[in-house]
Amino acid sequence: MTNDDDIKYMQKAIEEARQAARAGEVPVGAVIVCDDEVVAQARNEREERESAMAHAEILAIEEASKKLGRWRLSDCTIYVTKEPCPMCAGAIFQARMKRLVFGPSDQKSGAAGTLYNIVQDERLNWQLEVTRGVLEEENRELLQDFFRARRAKAKDNDQGY
């Protein structure tokens with residue numbers, strides 16, 4: 001169930017995603033909240049860091065763990081602008097997060113209910129509460145605009161402009 005706090009924190013994640021887009025990264029942002037306080041926020045930095053691991057969720061989990069001085073984040077909620085991939089869903093699971101809130105589903109690599117459901121798989125020893133679709137349209141438009149611009153730029157480059 002979406003509440004006002006979910007919208008507030010998702011808006012912070014969207015700002016992280018916008019920063020990623022301005023830096024030429026796929027616009028994904030993540031915010032981790034514990035006891036109604038933002039303890040970490042991050043954006044995709046794969047191109048900047050030249051690292052396949054530099055997804056927003058992974059970077060936010062690392063920051064939260066350092067700030068809180070622990071790897072178990074079982075009292076924390078992570079807000080992500082799109083459904084996490086298998087790597088990120090695995091990291092969220094491994095951090096024992098209490099809750100995951102995300103925008104649109106990811107039909108190509110979603111691992112929180114679309115293609116896989118790592119975060120709620122009852123065969124595993126931890127399951128999270130999941131809220132889907134928070135500010136879904138705004139998040140989807142941000143992603144679509146980014147990829148539309150990237151395709152247009154690639155097309156212009158192919159035509160010698």
# chains A, B, ... in the order shown; residues from 1 in each chain; ligands from 1

$ select_by_dssp --residues "chain A" --states "strand (DSSP E)" --output "PyMOL selection string"
chain A and resi 29-34+37-43+76-80+99-102+129-131

$ write_last_selection --atoms "C-alpha atoms" --output "CSV table (one decimal), in the first residue's frame"
chain,number,residue,atom,x,y,z
A,29,GLY,CA,18.1,6.1,-8.2
A,30,ALA,CA,17.8,4.5,-4.8
A,31,VAL,CA,17.2,5.8,-1.3
A,32,ILE,CA,17.4,3.8,1.9
A,33,VAL,CA,15.3,5.0,4.9
A,34,CYS,CA,15.6,3.8,8.5
A,37,GLU,CA,15.5,9.1,8.2
A,38,VAL,CA,17.3,8.9,4.8
A,39,VAL,CA,20.5,7.0,5.6
A,40,ALA,CA,21.7,6.5,2.1
A,41,GLN,CA,21.0,7.6,-1.5
A,42,ALA,CA,22.7,6.8,-4.7
A,43,ARG,CA,22.4,6.7,-8.5
A,76,CYS,CA,15.2,-0.3,6.6
A,77,THR,CA,13.2,0.3,3.4
A,78,ILE,CA,14.8,0.8,0.0
A,79,TYR,CA,13.1,3.0,-2.6
A,80,VAL,CA,14.2,2.3,-6.2
A,99,ARG,CA,10.8,-3.5,2.6
A,100,LEU,CA,11.3,-2.7,-1.1
A,101,VAL,CA,9.4,0.0,-2.8
A,102,PHE,CA,9.8,0.6,-6.6
A,129,GLU,CA,7.5,-6.7,2.0
A,130,VAL,CA,7.2,-5.2,-1.6
A,131,THR,CA,5.3,-2.2,-2.8

$ select_by_dssp --residues "region 20-99 of chain A" --states "helix (DSSP H, G or I)" --output "number ranges by chain"
A: 20-22, 46-49, 56-68, 86-94

$ residues_around --residues "Ala112 (chain A)" --least-positions-apart "5" --cutoff "7 Å" --atoms "only C-alpha atoms" --output "mmCIF file with C-alpha atoms, in the first residue's frame"
data_model
loop_
_atom_site.group_PDB
_atom_site.id
_atom_site.type_symbol
_atom_site.label_atom_id
_atom_site.label_comp_id
_atom_site.auth_asym_id
_atom_site.auth_seq_id
_atom_site.Cartn_x
_atom_site.Cartn_y
_atom_site.Cartn_z
ATOM 1 C CA GLU A 83 12.265 -2.902 -10.319
ATOM 2 C CA PRO A 84 15.670 -4.261 -9.262
ATOM 3 C CA ALA A 89 17.451 -7.984 -5.689
ATOM 4 C CA ASN A 117 10.998 -12.963 -7.307
ATOM 5 C CA ILE A 118 14.196 -13.200 -5.332
ATOM 6 C CA VAL A 119 12.963 -10.891 -2.575
#

$ atom_distance --atom1 "CA of Asp121 (chain A)" --atom2 "CA of Trp71 (chain A)"
20.8 Å

$ closest_residue --among "A:Val134, A:Leu142, A:Ala21, A:Leu59" --to "Lys8 (chain A)" --atoms "only C-alpha atoms"
A:Val134

$ atom_distance --atom1 "CA of Ser65 (chain A)" --atom2 "CA of Ala23 (chain A)"
25.3 Å

$ atom_distance --atom1 "CA of Ala152 (chain A)" --atom2 "CA of Met10 (chain A)"
28.5 Å

$ decode --residues "region 121-136 of chain A" --atoms "N, CA and C atoms" --output "mmCIF file, in the first residue's frame"
data_model
loop_
_atom_site.group_PDB
_atom_site.id
_atom_site.type_symbol
_atom_site.label_atom_id
_atom_site.label_comp_id
_atom_site.auth_asym_id
_atom_site.auth_seq_id
_atom_site.Cartn_x
_atom_site.Cartn_y
_atom_site.Cartn_z
ATOM 1 N N ASP A 121 10.891 -15.059 -2.424
ATOM 2 C CA ASP A 121 10.942 -16.495 -2.670
ATOM 3 C C ASP A 121 10.900 -17.232 -1.330
ATOM 4 N N GLU A 122 9.845 -17.972 -1.098
ATOM 5 C CA GLU A 122 9.665 -18.647 0.199
ATOM 6 C C GLU A 122 10.667 -19.770 0.429
ATOM 7 N N ARG A 123 11.406 -20.174 -0.605
ATOM 8 C CA ARG A 123 12.452 -21.181 -0.425
ATOM 9 C C ARG A 123 13.680 -20.587 0.258
ATOM 10 N N LEU A 124 13.775 -19.276 0.243
ATOM 11 C CA LEU A 124 14.910 -18.599 0.868
ATOM 12 C C LEU A 124 14.574 -18.259 2.318
ATOM 13 N N ASN A 125 15.590 -17.881 3.084
ATOM 14 C CA ASN A 125 15.404 -17.674 4.528
ATOM 15 C C ASN A 125 14.975 -16.264 4.910
ATOM 16 N N TRP A 126 14.655 -15.417 3.928
ATOM 17 C CA TRP A 126 14.221 -14.053 4.226
ATOM 18 C C TRP A 126 13.330 -13.582 3.100
ATOM 19 N N GLN A 127 12.233 -12.944 3.448
ATOM 20 C CA GLN A 127 11.355 -12.341 2.449
ATOM 21 C C GLN A 127 11.084 -10.903 2.865
ATOM 22 N N LEU A 128 10.928 -10.046 1.857
ATOM 23 C CA LEU A 128 10.667 -8.633 2.095
ATOM 24 C C LEU A 128 9.225 -8.312 1.784
ATOM 25 N N GLU A 129 8.764 -7.263 2.387
ATOM 26 C CA GLU A 129 7.502 -6.661 1.980
ATOM 27 C C GLU A 129 7.812 -5.851 0.721
ATOM 28 N N VAL A 130 6.961 -5.943 -0.292
ATOM 29 C CA VAL A 130 7.205 -5.242 -1.553
ATOM 30 C C VAL A 130 5.995 -4.383 -1.911
ATOM 31 N N THR A 131 6.277 -3.136 -2.285
ATOM 32 C CA THR A 131 5.256 -2.233 -2.803
ATOM 33 C C THR A 131 5.684 -1.828 -4.201
ATOM 34 N N ARG A 132 4.832 -2.129 -5.177
ATOM 35 C CA ARG A 132 5.142 -1.879 -6.580
ATOM 36 C C ARG A 132 4.368 -0.674 -7.108
ATOM 37 N N GLY A 133 4.922 -0.017 -8.118
ATOM 38 C CA GLY A 133 4.182 0.984 -8.864
ATOM 39 C C GLY A 133 4.118 2.372 -8.261
ATOM 40 N N VAL A 134 4.996 2.704 -7.317
ATOM 41 C CA VAL A 134 4.964 4.034 -6.711
ATOM 42 C C VAL A 134 5.558 5.047 -7.695
ATOM 43 N N LEU A 135 4.789 6.071 -8.009
ATOM 44 C CA LEU A 135 5.153 7.075 -9.014
ATOM 45 C C LEU A 135 5.612 6.390 -10.306
ATOM 46 N N GLU A 136 4.906 5.346 -10.646
ATOM 47 C CA GLU A 136 5.268 4.494 -11.780
ATOM 48 C C GLU A 136 5.398 5.273 -13.086
#
